[in-house]
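> Mind looking over this structure? Questions follow.
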Amino acid sequence: MARKLAAGNWKMHGLAADLTEVARLAHLVTAVDCEVLLCLPATLIERGVRAAGGRIAIGGQDCHRAASGAHTGDISAAMLVDAGASHVILGHSERRAAYHEDDRLINDKLTLAQAAGLTTILCLGETLEQRRAGETLAVVRRQLTQGLPPDVRLERLVLAYEPVWAIGSGLTPTLPQIAEVHATLRATLADRHGARAGGVPLLYGGSVKPGNAAEIFALPEVDGALVGGASLKADEFGAIVAALAAA
Ligand code: PGA
């Protein structure tokens, strides 16, 4: 069985004043029985770790494929660790689209991030055109097999199925559609890694809210969520965490 994980992605939101939400969330989730993570903007990681008081893990949202070097404006996996991050999101569809990140690049980033000690959240998901063309399962299988190095450390891996068209749109796939992709991801991992694949948390992401979280968490092979907009406010994210803990 994979551990349950509720992960928030603040994207490019958050100033020092918003750390009160981190502290409030830490208070709300003190007694819940699941892992809680906030992936903050890099500028807030160190202060976020302090505000979280050890009750919430803090992560980054991306890192470079190289360990160091002449890459103005970029951030390395070791820098995230140095700031106190335990996790990093990789291959988010916003980065795939805006920065043309491909599976090869994401594979390099994941390899280095795992070596630096980070738990890596690999994001996968189809566009609306790909779904309409019946390509969803082929797309996520390809993103999974090409995004992971052969010697991936499964204990440092989380997968997040995030249909591109569901992110920030208020739209979500049907429950059977989510279940179908999650079953495919689990089976693809198991083909490559055997029984140990069962321990990799599989998250769903894309317009998860307090109102739809419970039905999504009730699905087989859904071990949690990657939450964007609804993770910005502690009360809203706290309600999603509570739904996961109860699932
Ligand atoms: P959303 O974003 O919850 O705002 O749809 C999810 C994500 O991009 O991880």
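Residues in the structure tokens are numbered from 1 in each chain, the chains being A, B, ... in the order shown, and ligands are numbered from 1 in the order shown.
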Per DSSP on the backbone, what are the helix (DSSP H, G or I) residues of region 10-208 of chain A, as a PyMOL selection string?
chain A and resi 16-28+42-52+77-83+93-98+103-115+128-132+136-147+154-156+164-166+175-199
> Using only C-alpha atoms, find each residue in region 93-131 of chain A having at least one atom no more than 12 Å away from region 30-42 of chain A; report its shortest atom-to-atom pair and that distance in Å (one decimal), rows by chain then rising number, as CSV.

residue,atom,partner,partner_atom,distance
A:Thr119,CA,A:Leu37,CA,11.1
A:Thr120,CA,A:Cys39,CA,11.4
A:Ile121,CA,A:Cys39,CA,10.4
> Go through chain A residue by residue and, counting only C-alpha atoms and all ligand atoms, keep those with an atom at most 6 Å from ligand 1; for each kept residue give the shortest atom pair and its distance in Å to one decimal, ordered by chain and increasing number, as a Markdown table.

| residue | atom | partner | partner_atom_place_in_ligand_line | distance |
| --- | --- | --- | --- | --- |
| A:Asn9 | CA | ligand 1 | 9 (O) | 5.7 |
| A:Ile167 | CA | ligand 1 | 5 (O) | 3.5 |
| A:Gly168 | CA | ligand 1 | 5 (O) | 3.5 |
| A:Gly205 | CA | ligand 1 | 6 (C) | 5.1 |
| A:Gly206 | CA | ligand 1 | 5 (O) | 3.7 |
| A:Ser207 | CA | ligand 1 | 5 (O) | 3.6 |
| A:Val208 | CA | ligand 1 | 3 (O) | 5.2 |
| A:Leu226 | CA | ligand 1 | 9 (O) | 5.1 |
| A:Val227 | CA | ligand 1 | 3 (O) | 4.1 |
| A:Gly228 | CA | ligand 1 | 3 (O) | 3.5 |
| A:Gly229 | CA | ligand 1 | 4 (O) | 3.8 |
| A:Ala230 | CA | ligand 1 | 3 (O) | 6.0 |
> Can you write just those residues out, C-alpha atoms, as a PDB file, in the first residue's frame?

ATOM      1  CA  ASN A   9       1.253  23.596  -5.451  1.00  0.00           C
ATOM      2  CA  ILE A 167      -5.917  22.215 -14.374  1.00  0.00           C
ATOM      3  CA  GLY A 168      -7.330  25.495 -13.112  1.00  0.00           C
ATOM      4  CA  GLY A 205      -4.534  16.671  -9.815  1.00  0.00           C
ATOM      5  CA  GLY A 206      -6.734  19.142 -11.656  1.00  0.00           C
ATOM      6  CA  SER A 207      -9.505  21.204 -10.057  1.00  0.00           C
ATOM      7  CA  VAL A 208      -9.569  19.209  -6.808  1.00  0.00           C
ATOM      8  CA  LEU A 226      -1.847  17.513  -6.150  1.00  0.00           C
ATOM      9  CA  VAL A 227      -3.828  20.690  -5.575  1.00  0.00           C
ATOM     10  CA  GLY A 228      -3.226  24.117  -7.098  1.00  0.00           C
ATOM     11  CA  GLY A 229      -5.747  26.877  -6.451  1.00  0.00           C
ATOM     12  CA  ALA A 230      -7.425  25.211  -3.506  1.00  0.00           C
TER      13      ALA A 230
END
> With only C-alpha atoms as the counted atoms, please give the residues lying no more than 10 Å from Ile75 (chain A), apart from itself and same-chain residues fewer than 2 positions off, as a PyMOL selection string.
chain A and resi 42+60+62-69+71-73+77-80
> Output all heavy atoms of each residue in that selection to a file, as an mmCIF file, in the first residue's frame.

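Output saved as part.cif:
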data_model
loop_
_atom_site.group_PDB
_atom_site.id
_atom_site.type_symbol
_atom_site.label_atom_id
_atom_site.label_comp_id
_atom_site.auth_asym_id
_atom_site.auth_seq_id
_atom_site.Cartn_x
_atom_site.Cartn_y
_atom_site.Cartn_z
ATOM 1 N N ALA A 42 10.211 29.282 -4.599
ATOM 2 C CA ALA A 42 11.541 29.087 -4.002
ATOM 3 C C ALA A 42 11.859 30.141 -2.947
ATOM 4 O O ALA A 42 12.524 29.854 -1.943
ATOM 5 C CB ALA A 42 12.604 29.096 -5.098
ATOM 6 N N GLY A 60 9.803 22.206 -3.498
ATOM 7 C CA GLY A 60 9.948 23.153 -4.594
ATOM 8 C C GLY A 60 9.058 22.752 -5.767
ATOM 9 O O GLY A 60 8.397 21.703 -5.733
ATOM 10 N N ASP A 62 10.199 23.001 -9.182
ATOM 11 C CA ASP A 62 10.996 22.644 -10.359
ATOM 12 C C ASP A 62 12.462 22.705 -9.951
ATOM 13 O O ASP A 62 12.796 23.313 -8.932
ATOM 14 C CB ASP A 62 10.756 23.634 -11.515
ATOM 15 C CG ASP A 62 11.587 23.282 -12.743
ATOM 16 O OD1 ASP A 62 11.563 22.109 -13.157
ATOM 17 O OD2 ASP A 62 12.277 24.176 -13.284
ATOM 18 N N CYS A 63 13.344 22.085 -10.713
ATOM 19 C CA CYS A 63 14.777 22.325 -10.548
ATOM 20 C C CYS A 63 15.458 22.081 -11.890
ATOM 21 O O CYS A 63 14.852 21.544 -12.816
ATOM 22 C CB CYS A 63 15.379 21.454 -9.454
ATOM 23 S SG CYS A 63 15.313 19.700 -9.774
ATOM 24 N N HIS A 64 16.709 22.492 -11.966
ATOM 25 C CA HIS A 64 17.467 22.378 -13.223
ATOM 26 C C HIS A 64 17.965 20.954 -13.423
ATOM 27 O O HIS A 64 18.079 20.191 -12.459
ATOM 28 C CB HIS A 64 18.652 23.356 -13.189
ATOM 29 C CG HIS A 64 19.197 23.675 -14.548
ATOM 30 N ND1 HIS A 64 20.169 22.908 -15.157
ATOM 31 C CD2 HIS A 64 18.878 24.654 -15.422
ATOM 32 C CE1 HIS A 64 20.441 23.421 -16.352
ATOM 33 N NE2 HIS A 64 19.675 24.489 -16.538
ATOM 34 N N ARG A 65 18.280 20.602 -14.685
ATOM 35 C CA ARG A 65 18.803 19.255 -14.969
ATOM 36 C C ARG A 65 20.284 19.130 -14.586
ATOM 37 O O ARG A 65 20.811 18.017 -14.493
ATOM 38 C CB ARG A 65 18.627 18.904 -16.440
ATOM 39 C CG ARG A 65 19.675 19.531 -17.316
ATOM 40 C CD ARG A 65 19.461 19.472 -18.807
ATOM 41 N NE ARG A 65 18.939 18.257 -19.371
ATOM 42 C CZ ARG A 65 18.528 18.179 -20.646
ATOM 43 N NH1 ARG A 65 18.581 19.235 -21.433
ATOM 44 N NH2 ARG A 65 18.064 17.056 -21.127
ATOM 45 N N ALA A 66 20.972 20.281 -14.405
ATOM 46 C CA ALA A 66 22.396 20.249 -14.050
ATOM 47 C C ALA A 66 22.576 20.504 -12.555
ATOM 48 O O ALA A 66 21.741 21.152 -11.918
ATOM 49 C CB ALA A 66 23.165 21.298 -14.849
ATOM 50 N N ALA A 67 23.679 20.013 -12.018
ATOM 51 C CA ALA A 67 23.932 20.155 -10.582
ATOM 52 C C ALA A 67 24.294 21.584 -10.214
ATOM 53 O O ALA A 67 24.002 22.047 -9.115
ATOM 54 C CB ALA A 67 25.044 19.197 -10.159
ATOM 55 N N SER A 68 24.955 22.278 -11.136
ATOM 56 C CA SER A 68 25.331 23.673 -10.909
ATOM 57 C C SER A 68 25.812 24.218 -12.243
ATOM 58 O O SER A 68 25.912 23.469 -13.218
ATOM 59 C CB SER A 68 26.446 23.783 -9.859
ATOM 60 O OG SER A 68 27.618 23.148 -10.353
ATOM 61 N N GLY A 69 26.107 25.499 -12.314
ATOM 62 C CA GLY A 69 26.669 26.026 -13.549
ATOM 63 C C GLY A 69 26.120 27.377 -13.926
ATOM 64 O O GLY A 69 25.440 28.032 -13.148
ATOM 65 N N HIS A 71 23.659 29.097 -15.304
ATOM 66 C CA HIS A 71 22.245 29.000 -15.673
ATOM 67 C C HIS A 71 21.490 30.086 -14.918
ATOM 68 O O HIS A 71 20.838 29.826 -13.896
ATOM 69 C CB HIS A 71 21.689 27.618 -15.335
ATOM 70 C CG HIS A 71 22.458 26.503 -15.958
ATOM 71 N ND1 HIS A 71 22.464 26.274 -17.321
ATOM 72 C CD2 HIS A 71 23.295 25.584 -15.421
ATOM 73 C CE1 HIS A 71 23.251 25.245 -17.596
ATOM 74 N NE2 HIS A 71 23.764 24.816 -16.453
ATOM 75 N N THR A 72 21.620 31.308 -15.403
ATOM 76 C CA THR A 72 21.067 32.463 -14.699
ATOM 77 C C THR A 72 19.573 32.297 -14.419
ATOM 78 O O THR A 72 18.807 31.986 -15.328
ATOM 79 C CB THR A 72 21.304 33.731 -15.542
ATOM 80 O OG1 THR A 72 22.717 33.853 -15.766
ATOM 81 C CG2 THR A 72 20.787 34.970 -14.827
ATOM 82 N N GLY A 73 19.227 32.488 -13.173
ATOM 83 C CA GLY A 73 17.810 32.441 -12.801
ATOM 84 C C GLY A 73 17.308 31.075 -12.434
ATOM 85 O O GLY A 73 16.178 30.945 -11.954
ATOM 86 N N ALA A 77 18.700 21.168 -7.610
ATOM 87 C CA ALA A 77 18.107 20.281 -6.608
ATOM 88 C C ALA A 77 18.798 20.468 -5.258
ATOM 89 O O ALA A 77 18.145 20.525 -4.213
ATOM 90 C CB ALA A 77 18.224 18.831 -7.075
ATOM 91 N N ALA A 78 20.135 20.586 -5.288
ATOM 92 C CA ALA A 78 20.867 20.745 -4.022
ATOM 93 C C ALA A 78 20.489 22.054 -3.329
ATOM 94 O O ALA A 78 20.465 22.126 -2.091
ATOM 95 C CB ALA A 78 22.373 20.702 -4.280
ATOM 96 N N MET A 79 20.185 23.085 -4.112
ATOM 97 C CA MET A 79 19.752 24.360 -3.509
ATOM 98 C C MET A 79 18.400 24.199 -2.815
ATOM 99 O O MET A 79 18.169 24.778 -1.748
ATOM 100 C CB MET A 79 19.655 25.441 -4.589
ATOM 101 C CG MET A 79 20.999 25.893 -5.119
ATOM 102 S SD MET A 79 20.748 26.967 -6.561
ATOM 103 C CE MET A 79 22.454 27.233 -7.034
ATOM 104 N N LEU A 80 17.510 23.430 -3.431
ATOM 105 C CA LEU A 80 16.204 23.188 -2.795
ATOM 106 C C LEU A 80 16.395 22.453 -1.466
ATOM 107 O O LEU A 80 15.793 22.809 -0.446
ATOM 108 C CB LEU A 80 15.295 22.367 -3.716
ATOM 109 C CG LEU A 80 14.797 23.059 -4.987
ATOM 110 C CD1 LEU A 80 13.952 22.084 -5.817
ATOM 111 C CD2 LEU A 80 13.979 24.300 -4.650
#
> I'd like the neighbourhood of Glu129 (chain A) as a ChimeraX atom specification, where a residue qualifies if any of its atoms comes within 12 Å (using only C-alpha atoms), though same-chain residues fewer than 6 positions away should be ignored.
/A:135-136,139,163-165
> Please produce a file of those selected residues containing C-alpha atoms, as a JSON list (two decimals), in the first residue's frame.

[["chain", "number", "residue", "atom", "x", "y", "z"],
["A", 135, "GLU", "CA", -4.63, 8.78, -26.88],
["A", 136, "THR", "CA", -4.78, 9.33, -23.12],
["A", 139, "VAL", "CA", 0.38, 9.49, -23.61],
["A", 163, "PRO", "CA", -5.08, 16.10, -17.28],
["A", 164, "VAL", "CA", -3.94, 19.40, -18.82],
["A", 165, "TRP", "CA", -7.53, 20.46, -19.52]]
> Using only C-alpha atoms, which of the listed residues (A:Ala7, A:Arg50, A:Gly170, A:Pro150) sits closest to Val88 (chain A)?
A:Ala7
> When distances are computed from only C-alpha atoms, which of A:Met12, A:Leu175, A:Ala51, A:Ala245 shows the smallest separation from Ala26 (chain A)?
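Once distances to Ala26 (chain A) are computed over only C-alpha atoms, the minimum belongs to A:Ala51.
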> My list of candidates is A:Lys4, A:Gly238, A:Arg132, A:Ala116. Which is closest to Ala225 (chain A) when distances are computed with only C-alpha atoms?
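When distances to Ala225 (chain A) are compared using only C-alpha atoms, the smallest one comes from A:Lys4.
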> For Met1 (chain A), work out the shell of residues within 10 Å, counting only C-alpha atoms and skipping chain neighbours fewer than 4 positions away, then give it as a tab-separated table (two decimals) with N, CA and C atoms, in the first residue's frame.

chain	number	residue	atom	x	y	z
A	196	ARG	N	7.12	-3.81	-5.89
A	196	ARG	CA	7.49	-2.54	-5.23
A	196	ARG	C	6.74	-1.35	-5.80
A	197	ALA	N	6.18	-1.52	-6.99
A	197	ALA	CA	5.41	-0.43	-7.61
A	197	ALA	C	4.20	-0.05	-6.75
A	198	GLY	N	3.73	-1.00	-5.97
A	198	GLY	CA	2.54	-0.75	-5.13
A	198	GLY	C	2.78	0.31	-4.07
A	199	GLY	N	4.03	0.60	-3.76
A	199	GLY	CA	4.33	1.58	-2.72
A	199	GLY	C	4.46	3.01	-3.22
A	200	VAL	N	4.33	3.21	-4.52
A	200	VAL	CA	4.48	4.57	-5.09
A	200	VAL	C	3.13	5.29	-5.02
A	201	PRO	N	3.05	6.41	-4.29
A	201	PRO	CA	1.77	7.13	-4.22
A	201	PRO	C	1.37	7.67	-5.59
A	221	GLU	N	-6.54	2.96	-6.27
A	221	GLU	CA	-5.26	3.46	-6.81
A	221	GLU	C	-5.13	4.97	-6.76
A	223	ASP	N	-4.10	7.72	-4.26
A	223	ASP	CA	-3.49	7.81	-2.92
A	223	ASP	C	-3.42	9.25	-2.41
> Could you name the residues that touch Ile45 (chain A) at 7 Å or less, counting only C-alpha atoms, but leaving out those on the same chain fewer than 2 positions away, as number ranges by chain?
A: 40-43, 47-49, 58, 83-85
> Interatomic distance between CA of Asp82 (chain A) and CA of Glu21 (chain A)?
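One can read the CA of Asp82 (chain A) to CA of Glu21 (chain A) distance as 22.9 Å.
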> Could you tell me which of A:Phe237, A:Ala246, A:Gly14, A:Thr174 comes closest to Leu28 (chain A) if we count only C-alpha atoms?
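Answer, going by the shortest atom-to-atom distance: A:Phe237.
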> From the DSSP assignment of the backbone, select every residue of region 42-235 of chain A that is strand (DSSP E or B), and format the answer as a list in words.
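Checking each residue of region 42-235 of chain A, the strand (DSSP E or B) ones are Ala57, Ile58, Gly59, Gly60, His87, Val88, Ile89, Leu90, Thr119, Thr120, Ile121, Leu122, Cys123, Leu124, Leu157, Val158, Leu159, Ala160, Tyr161, Leu202, Leu203, Tyr204, Gly205, Gly224, Ala225, Leu226 and Val227 of chain A.
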> Under the rule that only C-alpha atoms are counted, which of A:Ala2, A:Val22, A:Pro173, A:Trp10 is the nearest residue to Arg131 (chain A)?
A:Pro173
> Give the answer as one residue: which of A:Leu232, A:Leu157, A:Leu124, A:Ile216 has the shortest atom-to-atom distance to Arg141 (chain A), using only C-alpha atoms?
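The closest residue to Arg141 (chain A) is A:Leu124.
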> Provide the CA of Ala97 (chain A) to CA of His182 (chain A) distance in Å, to one decimal place.
22.7 Å
